[in-house]
>>> print(open('final.cif').read())   # mmCIF, C-alpha atoms
data_upload
#
loop_
_atom_site.label_atom_id
_atom_site.label_comp_id
_atom_site.auth_asym_id
_atom_site.auth_seq_id
_atom_site.Cartn_x
_atom_site.Cartn_y
_atom_site.Cartn_z
CA MET A 2 54.55 -60.31 82.01
CA LYS A 3 52.38 -63.27 82.96
CA PRO A 4 48.96 -62.23 84.35
CA ASP A 5 48.28 -63.20 87.95
CA ASN A 6 45.48 -65.56 88.91
CA GLN A 7 43.07 -62.70 89.66
CA GLN A 8 43.59 -61.28 86.16
CA TYR A 9 42.84 -64.71 84.68
CA THR A 10 39.74 -65.03 86.86
CA ASP A 11 38.45 -61.59 85.85
CA ALA A 12 39.07 -62.26 82.17
CA ILE A 13 37.32 -65.63 82.31
CA SER A 14 34.34 -64.06 84.12
CA LYS A 15 34.00 -61.48 81.36
CA ALA A 16 34.24 -64.18 78.71
CA ASN A 17 31.55 -66.21 80.48
CA VAL A 18 29.24 -63.18 80.46
CA LEU A 19 29.74 -62.82 76.72
CA MET A 20 29.05 -66.52 76.16
CA GLU A 21 25.85 -66.31 78.21
CA ALA A 22 24.75 -63.36 76.08
CA MET A 23 25.59 -65.02 72.75
CA PRO A 24 22.31 -66.92 72.15
CA TYR A 25 20.32 -63.78 72.96
CA LEU A 26 22.46 -61.71 70.62
CA GLN A 27 21.85 -64.23 67.86
CA ARG A 28 18.12 -64.47 68.56
CA PHE A 29 17.43 -60.75 68.77
CA ARG A 30 19.51 -59.49 65.86
CA ASP A 31 17.33 -57.43 63.45
CA SER A 32 14.45 -57.40 65.99
CA VAL A 33 12.71 -54.20 67.02
CA PHE A 34 12.93 -53.25 70.71
CA VAL A 35 11.01 -50.25 72.05
CA VAL A 36 12.48 -48.66 75.19
CA LYS A 37 10.33 -46.30 77.27
CA TYR A 38 12.87 -43.82 78.61
CA GLY A 39 11.33 -42.29 81.71
CA GLY A 40 11.16 -42.30 85.46
CA ALA A 41 12.55 -40.17 88.25
CA PHE A 42 16.13 -40.93 87.19
CA MET A 43 15.54 -38.64 84.19
CA ASP A 44 15.32 -35.73 86.64
CA ASP A 45 18.23 -36.78 88.83
CA PRO A 46 20.91 -34.05 89.07
CA ASN A 47 23.55 -36.70 88.30
CA PRO A 48 23.74 -36.91 84.49
CA ASP A 49 25.69 -40.17 84.71
CA LEU A 50 22.44 -42.01 85.45
CA ARG A 51 20.96 -40.90 82.13
CA LYS A 52 24.21 -41.53 80.32
CA ARG A 53 24.30 -45.14 81.52
CA VAL A 54 20.91 -45.74 79.94
CA ALA A 55 22.06 -44.04 76.74
CA ALA A 56 25.08 -46.36 76.72
CA ASP A 57 22.87 -49.44 77.05
CA ILE A 58 20.64 -48.24 74.22
CA THR A 59 23.69 -47.67 72.04
CA PHE A 60 24.96 -51.16 72.87
CA LEU A 61 21.66 -52.73 71.78
CA SER A 62 21.90 -50.88 68.49
CA SER A 63 25.56 -51.86 68.05
CA VAL A 64 24.72 -55.58 68.20
CA GLY A 65 22.08 -55.33 65.49
CA ILE A 66 18.90 -54.67 67.48
CA HIS A 67 16.64 -51.97 66.05
CA VAL A 68 16.01 -49.78 69.11
CA VAL A 69 13.20 -47.24 69.19
CA VAL A 70 13.18 -44.87 72.18
CA VAL A 71 9.98 -43.23 73.41
CA HIS A 72 10.54 -40.75 76.23
CA GLY A 73 8.50 -38.94 78.84
CA GLY A 74 9.24 -35.81 80.83
CA GLY A 75 6.42 -34.99 83.23
CA LYS A 76 8.55 -33.48 85.98
CA ALA A 77 10.49 -31.32 83.53
CA ILE A 78 7.17 -30.03 82.18
CA SER A 79 6.00 -29.20 85.71
CA ARG A 80 9.21 -27.26 86.41
CA ALA A 81 8.93 -25.33 83.15
CA MET A 82 5.30 -24.44 83.88
CA GLU A 83 6.17 -23.21 87.37
CA ILE A 84 8.95 -21.02 85.94
CA ALA A 85 6.45 -19.61 83.43
CA GLY A 86 3.98 -18.91 86.24
CA ILE A 87 1.43 -21.48 85.02
CA GLU A 88 -0.27 -23.50 87.73
CA VAL A 89 0.32 -27.26 87.57
CA GLU A 90 -3.15 -28.76 87.90
CA PHE A 91 -4.30 -32.37 88.07
CA ARG A 92 -7.88 -33.54 87.58
CA ASN A 93 -8.92 -37.06 88.57
CA GLY A 94 -5.22 -37.98 88.64
CA PHE A 95 -4.47 -36.63 85.15
CA ARG A 96 -2.50 -33.51 84.29
CA TYR A 97 -4.68 -30.70 82.95
CA THR A 98 -3.04 -29.08 79.93
CA SER A 99 -4.21 -25.62 78.85
CA SER A 100 -3.34 -24.14 75.43
CA GLU A 101 -0.64 -22.07 77.15
CA ALA A 102 0.75 -25.12 78.92
CA MET A 103 0.72 -27.11 75.66
CA LYS A 104 3.28 -24.73 74.17
CA ILE A 105 5.57 -25.50 77.11
CA VAL A 106 4.89 -29.24 76.75
CA GLU A 107 5.93 -29.15 73.09
CA ARG A 108 9.09 -27.16 73.77
CA THR A 109 10.12 -29.31 76.73
CA LEU A 110 9.46 -32.68 75.09
CA ASN A 111 10.23 -32.03 71.42
CA ASP A 112 13.22 -29.77 71.85
CA GLU A 113 14.89 -30.04 75.24
CA ILE A 114 14.46 -33.64 76.41
CA ASN A 115 14.51 -35.22 72.96
CA SER A 116 17.68 -33.37 72.04
CA GLU A 117 19.40 -34.34 75.31
CA ILE A 118 18.71 -38.04 74.78
CA CYS A 119 19.98 -37.88 71.20
CA ALA A 120 23.14 -36.07 72.32
CA MET A 121 23.85 -38.65 75.03
CA ILE A 122 23.46 -41.52 72.56
CA SER A 123 25.88 -39.71 70.25
CA GLU A 124 28.43 -39.47 73.08
CA PHE A 125 28.69 -43.27 73.01
CA GLY A 126 29.08 -43.48 69.25
CA GLY A 127 25.41 -44.11 68.45
CA SER A 128 23.46 -42.31 65.74
CA ALA A 129 20.15 -40.98 67.03
CA GLN A 130 17.38 -39.15 65.21
CA GLY A 131 14.92 -37.07 67.15
CA ILE A 132 11.35 -37.53 65.92
CA ARG A 133 8.60 -35.22 67.11
CA GLY A 134 5.58 -37.16 68.21
CA ASN A 135 3.59 -34.60 66.19
CA ASP A 136 4.93 -36.26 63.05
CA VAL A 137 4.01 -39.85 63.91
CA LEU A 138 1.33 -39.94 66.62
CA ARG A 139 -2.37 -39.26 65.92
CA CYS A 140 -4.92 -38.76 68.70
CA LYS A 141 -8.32 -37.65 69.83
CA ARG A 142 -9.08 -35.54 72.88
CA GLN A 143 -9.21 -37.57 76.09
CA GLU A 144 -12.60 -37.01 77.70
CA LYS A 145 -12.67 -39.63 80.49
CA ASP A 146 -10.51 -40.60 83.43
CA GLY A 147 -9.29 -44.09 84.25
CA LEU A 148 -12.64 -45.01 85.80
CA GLY A 149 -14.68 -43.83 82.82
CA ASN A 150 -15.84 -40.59 84.42
CA ALA A 151 -16.18 -37.52 82.20
CA VAL A 152 -13.38 -35.02 82.80
CA ASP A 153 -12.02 -31.94 81.06
CA LEU A 154 -8.26 -32.33 80.72
CA GLY A 155 -7.71 -29.64 78.11
CA PHE A 156 -5.15 -30.63 75.50
CA VAL A 157 -4.61 -34.21 76.65
CA GLY A 158 -5.07 -36.84 73.98
CA GLU A 159 -5.65 -40.56 73.49
CA ILE A 160 -3.43 -41.99 70.78
CA THR A 161 -5.45 -43.52 67.95
CA ASP A 162 -2.79 -44.24 65.33
CA VAL A 163 0.96 -44.37 64.77
CA GLY A 164 2.50 -43.40 61.44
CA THR A 165 5.56 -45.64 61.37
CA ASP A 166 7.20 -44.46 58.13
CA PRO A 167 9.55 -41.87 59.75
CA ILE A 168 10.55 -44.43 62.39
CA ARG A 169 11.19 -47.18 59.84
CA ASP A 170 13.10 -44.74 57.65
CA ALA A 171 15.41 -43.85 60.55
CA ILE A 172 16.01 -47.54 61.28
CA ALA A 173 16.77 -48.21 57.62
CA ARG A 174 19.49 -45.54 57.86
CA ARG A 175 20.92 -47.26 60.97
CA MET A 176 19.67 -44.50 63.26
CA ILE A 177 18.06 -44.84 66.68
CA PRO A 178 14.67 -43.07 66.53
CA VAL A 179 13.91 -41.03 69.66
CA VAL A 180 10.19 -40.20 69.77
CA SER A 181 8.42 -37.66 71.98
CA PRO A 182 4.88 -38.33 73.28
CA VAL A 183 3.21 -35.32 71.64
CA ALA A 184 0.35 -36.27 69.30
CA VAL A 185 -1.89 -34.30 66.93
CA ASP A 186 -5.58 -34.58 66.12
CA VAL A 187 -7.20 -34.60 62.66
CA ASN A 188 -6.86 -30.81 62.54
CA GLY A 189 -3.15 -30.88 63.41
CA ARG A 190 -3.63 -29.53 66.93
CA PRO A 191 -1.02 -30.86 69.38
CA TYR A 192 -1.93 -32.79 72.52
CA ASN A 193 -0.01 -34.08 75.49
CA THR A 194 -0.25 -37.88 75.86
CA ASN A 195 0.77 -40.49 78.40
CA ALA A 196 4.31 -41.55 77.46
CA ASP A 197 3.82 -45.13 78.72
CA ILE A 198 0.82 -45.57 76.44
CA ALA A 199 2.70 -43.86 73.60
CA ALA A 200 5.54 -46.38 73.95
CA SER A 201 3.06 -49.26 73.93
CA LYS A 202 1.30 -47.92 70.83
CA VAL A 203 4.63 -47.50 69.03
CA ALA A 204 5.68 -51.05 70.01
CA SER A 205 2.41 -52.44 68.67
CA ALA A 206 2.59 -50.49 65.41
CA MET A 207 6.22 -51.48 64.84
CA GLY A 208 5.60 -55.16 65.58
CA ALA A 209 8.26 -54.95 68.29
CA ARG A 210 9.64 -58.12 69.80
CA ARG A 211 10.29 -56.48 73.15
CA LEU A 212 8.96 -53.45 75.03
CA VAL A 213 11.11 -52.28 77.96
CA PHE A 214 9.89 -49.82 80.60
CA LEU A 215 12.50 -48.05 82.69
CA CYS A 216 11.05 -47.60 86.18
CA ASP A 217 11.98 -46.15 89.56
CA VAL A 218 11.75 -49.59 91.19
CA ALA A 219 13.11 -53.06 90.42
CA GLY A 220 9.90 -54.18 88.73
CA LEU A 221 6.55 -55.50 89.97
CA LEU A 222 6.66 -56.36 93.67
CA LEU A 223 4.22 -58.45 95.71
CA ASP A 224 5.06 -56.11 98.60
CA PRO A 225 6.07 -52.60 97.44
CA LYS A 226 8.16 -52.19 100.59
CA ASP A 227 10.09 -55.44 100.14
CA PRO A 228 12.42 -55.71 97.10
CA SER A 229 12.84 -59.44 97.77
CA THR A 230 9.23 -59.97 96.63
CA LEU A 231 10.08 -59.12 93.02
CA ILE A 232 7.92 -60.98 90.49
CA SER A 233 10.43 -62.18 87.91
CA SER A 234 7.91 -63.42 85.36
CA LEU A 235 4.17 -63.65 84.96
CA LYS A 236 1.65 -64.35 82.23
CA VAL A 237 -0.55 -61.57 80.91
CA SER A 238 -3.56 -63.59 82.12
CA GLU A 239 -2.35 -63.14 85.72
CA VAL A 240 -2.24 -59.34 85.60
CA SER A 241 -5.91 -58.59 86.27
CA ASP A 242 -5.82 -60.50 89.56
CA LEU A 243 -2.77 -58.53 90.74
CA ILE A 244 -4.53 -55.26 89.91
CA ALA A 245 -7.69 -56.36 91.74
CA ARG A 246 -5.62 -57.25 94.82
CA GLY A 247 -3.88 -53.88 94.74
CA THR A 248 -0.46 -55.47 94.15
CA ILE A 249 0.00 -53.29 91.08
CA GLY A 250 -0.33 -49.73 92.37
CA LYS A 251 -1.36 -46.47 90.74
CA GLY A 252 2.13 -45.49 89.59
CA MET A 253 2.56 -48.71 87.64
CA LEU A 254 -0.96 -48.94 86.23
CA PRO A 255 -0.36 -46.94 83.02
CA LYS A 256 2.74 -49.03 82.32
CA VAL A 257 0.94 -52.31 82.99
CA ASP A 258 -2.11 -51.23 80.97
CA GLY A 259 0.20 -50.32 78.11
CA ALA A 260 2.04 -53.61 78.48
CA CYS A 261 -1.16 -55.65 78.23
CA MET A 262 -2.26 -53.61 75.22
CA ALA A 263 1.04 -54.25 73.45
CA LEU A 264 1.01 -57.96 74.29
CA SER A 265 -2.51 -58.31 72.87
CA ASP A 266 -1.23 -56.68 69.68
CA GLY A 267 1.56 -59.22 69.24
CA VAL A 268 4.52 -57.88 71.22
CA LYS A 269 6.04 -61.04 72.71
CA ARG A 270 7.31 -59.82 76.06
CA VAL A 271 7.30 -56.66 78.12
CA HIS A 272 9.99 -55.91 80.70
CA PHE A 273 10.05 -53.58 83.71
CA VAL A 274 13.54 -52.70 84.93
CA ASP A 275 15.10 -50.28 87.40
CA GLY A 276 16.45 -47.19 85.63
CA TYR A 277 18.79 -46.53 88.55
CA MET A 278 20.55 -49.90 88.31
CA PRO A 279 23.66 -49.85 86.09
CA HIS A 280 23.07 -51.72 82.81
CA SER A 281 19.64 -52.92 83.92
CA ILE A 282 18.43 -53.22 80.32
CA LEU A 283 21.35 -55.44 79.33
CA LEU A 284 21.08 -57.60 82.46
CA GLU A 285 17.38 -58.16 81.83
CA ILE A 286 17.69 -58.93 78.13
CA PHE A 287 20.99 -60.81 77.86
CA THR A 288 21.19 -62.95 81.01
CA ASN A 289 19.36 -66.15 81.86
CA LYS A 290 17.80 -64.94 85.10
CA GLY A 291 17.23 -61.25 84.34
CA ILE A 292 16.86 -58.64 87.06
CA GLY A 293 13.39 -57.13 86.58
CA THR A 294 9.88 -58.30 85.78
CA GLU A 295 8.75 -59.69 82.45
CA ILE A 296 5.15 -60.12 81.37
CA VAL A 297 4.72 -62.87 78.78
CA GLY A 298 2.03 -62.66 76.14
CA ALA A 299 -0.46 -65.48 75.59
CA ARG A 300 1.18 -66.38 72.28
CA ASP A 301 4.61 -66.66 73.89
CA ALA A 302 3.64 -68.32 77.19
#
>>> encode(input="final.cif", output="structure tokens")
Amino acid sequence: MKPDNQQYTDAISKANVLMEAMPYLQRFRDSVFVVKYGGAFMDDPNPDLRKRVAADITFLSSVGIHVVVVHGGGKAISRAMEIAGIEVEFRNGFRYTSSEAMKIVERTLNDEINSEICAMISEFGGSAQGIRGNDVLRCKRQEKDGLGNAVDLGFVGEITDVGTDPIRDAIARRMIPVVSPVAVDVNGRPYNTNADIAASKVASAMGARRLVFLCDVAGLLLDPKDPSTLISSLKVSEVSDLIARGTIGKGMLPKVDGACMALSDGVKRVHFVDGYMPHSILLEIFTNKGIGTEIVGARDA
């Protein structure tokens, strides 16, 4: 039976999308992309939101991109602590992590969340390998807040080094490494770390071509209340002015700080995309206009 005009139109539209993606597919094949899997959508009761992201990650891997996932899980940790009767405490804007709480952090991040992400990737035909941050991330105790003031945060660490061998080994076996943000000090003691910074450190150590942050908003906005003010692209040299003006708010600061750190270490571009939008990663990476915000490093400007 001959297809009607609408069927032809739909088919041609799909073919045009593939053709638009082709140069990006060619350019990015065998490149390392680090995806920071986090945001409120991780805690949404609708599992389809998380599955869509897992599908996008699997697609990237299927077309020859070496994807490394680094995940967070702050809200899940808070829920687990409340169930265990441990008070959730913040000091100077940072989560305080006691030795008791650290056991919950490890279980929640290394076992529960990491396993769920790996299982969802497997549902779409991908091969994922969970990697405990304990096995690749080294740290020292964090002793200051964001303003440089001394603060006791318990078992909260600053990442000092990334051991990439387990990650590279997984990639060599065509696996998608899924890394938790738990780090250990020189004595092997585990610490909770900021997952945004962990993703940036992993991207730097792996020489990643792209670092993608999944967010709860469309990207960086000139006016947080107006989605039409989305900043599609900016140079890393423009970031400090936006922070000084308050355009980049507290929730985005760790991500932006991590982005600038990664860009200074050679990562070419960092992207911020909406985790709630279907296929946001693919639309940002494989279309000419993109749908989020990209920060371009000085070497790639």
>>> closest_residue(input="final.cif", among="A:Asp266, A:Asp170, A:Glu159, A:Glu117", to="A:Lys52", atoms="only C-alpha atoms")
A:Glu117
>>> closest_residue(input="final.cif", among="A:Ser116, A:Asn111, A:Asn150, A:Thr194", to="A:Leu138", atoms="all atoms listed in the file")
A:Thr194
>>> closest_residue(input="final.cif", among="A:Gly126, A:Pro191, A:Pro24, A:Gly149", to="A:Ser99", atoms="all atoms listed in the file")
A:Pro191
>>> resolve_selection(input="final.cif", expression="the PyMOL selection byres ((chain A and resi 173) around 12)", output="list in words")
Asp31, Val33, Gly65, Ile66, His67, Val68, Gln130, Asp166, Pro167, Ile168, Arg169, Asp170, Ala171, Ile172, Arg174, Arg175, Met176, Ile177 and Pro178 of chain A
>>> closest_residue(input="final.cif", among="A:Asn188, A:Ser281, A:Ser181, A:Thr161", to="A:Cys216", atoms="only C-alpha atoms")
A:Ser281
>>> atom_distance(input="final.cif", atom1="atom CA of A:Val274", atom2="atom CA of A:Ile105")
29.4 Å
>>> resolve_selection(input="final.cif", expression="the PyMOL selection byres ((chain A and resi 252) around 12)", output="PyMOL selection string")
chain A and resi 40-41+94-95+197+216-218+220-221+225+244+247-251+253-258
>>> write_last_selection(input="final.cif", atoms="C-alpha atoms", output="PDB file, keeping the file's coordinate frame")
ATOM      1  CA  GLY A  40      11.160 -42.300  85.460  1.00  0.00           C
ATOM      2  CA  ALA A  41      12.550 -40.170  88.250  1.00  0.00           C
ATOM      3  CA  GLY A  94      -5.220 -37.980  88.640  1.00  0.00           C
ATOM      4  CA  PHE A  95      -4.470 -36.630  85.150  1.00  0.00           C
ATOM      5  CA  ASP A 197       3.820 -45.130  78.720  1.00  0.00           C
ATOM      6  CA  CYS A 216      11.050 -47.600  86.180  1.00  0.00           C
ATOM      7  CA  ASP A 217      11.980 -46.150  89.560  1.00  0.00           C
ATOM      8  CA  VAL A 218      11.750 -49.590  91.190  1.00  0.00           C
ATOM      9  CA  GLY A 220       9.900 -54.180  88.730  1.00  0.00           C
ATOM     10  CA  LEU A 221       6.550 -55.500  89.970  1.00  0.00           C
ATOM     11  CA  PRO A 225       6.070 -52.600  97.440  1.00  0.00           C
ATOM     12  CA  ILE A 244      -4.530 -55.260  89.910  1.00  0.00           C
ATOM     13  CA  GLY A 247      -3.880 -53.880  94.740  1.00  0.00           C
ATOM     14  CA  THR A 248      -0.460 -55.470  94.150  1.00  0.00           C
ATOM     15  CA  ILE A 249       0.000 -53.290  91.080  1.00  0.00           C
ATOM     16  CA  GLY A 250      -0.330 -49.730  92.370  1.00  0.00           C
ATOM     17  CA  LYS A 251      -1.360 -46.470  90.740  1.00  0.00           C
ATOM     18  CA  MET A 253       2.560 -48.710  87.640  1.00  0.00           C
ATOM     19  CA  LEU A 254      -0.960 -48.940  86.230  1.00  0.00           C
ATOM     20  CA  PRO A 255      -0.360 -46.940  83.020  1.00  0.00           C
ATOM     21  CA  LYS A 256       2.740 -49.030  82.320  1.00  0.00           C
ATOM     22  CA  VAL A 257       0.940 -52.310  82.990  1.00  0.00           C
ATOM     23  CA  ASP A 258      -2.110 -51.230  80.970  1.00  0.00           C
TER      24      ASP A 258
END
>>> resolve_selection(input="final.cif", expression="the PyMOL selection byres ((chain A and resi 269) around 6)", output="PDB file with C-alpha atoms, in the frame of the given file")
ATOM      1  CA  ARG A 210       9.640 -58.120  69.800  1.00  0.00           C
ATOM      2  CA  GLY A 267       1.560 -59.220  69.240  1.00  0.00           C
ATOM      3  CA  VAL A 268       4.520 -57.880  71.220  1.00  0.00           C
ATOM      4  CA  ARG A 270       7.310 -59.820  76.060  1.00  0.00           C
ATOM      5  CA  GLY A 298       2.030 -62.660  76.140  1.00  0.00           C
ATOM      6  CA  ASP A 301       4.610 -66.660  73.890  1.00  0.00           C
TER       7      ASP A 301
END
>>> atom_distance(input="final.cif", atom1="atom CA of A:Asn93", atom2="atom CA of A:Ile114")
26.6 Å
>>> axis_aligned_box(input="final.cif", around="stretch 18-36 of chain A", padding_each_side="3 Å", output="AutoDock Vina command-line options")
--center_x 20.4 --center_y -57.8 --center_z 72.0 --size_x 24.7 --size_y 24.3 --size_z 23.0
>>> closest_residue(input="final.cif", among="A:Ile160, A:Ala204, A:Met278, A:Ala151", to="A:Ala219", atoms="all atoms listed in the file")
A:Met278
>>> closest_residue(input="final.cif", among="A:Ser123, A:Thr294, A:Thr165, A:Thr59", to="A:Leu212", atoms="all atoms listed in the file")
A:Thr294
>>> atom_distance(input="final.cif", atom1="atom CA of A:Arg30", atom2="atom CA of A:Ser62")
9.3 Å
>>> residues_near_point(input="final.cif", point="(13.8, -42.2, 80.8)", cutoff="6 Å", atoms="only C-alpha atoms", output="PyMOL selection string")
chain A and resi 38-40+43+72
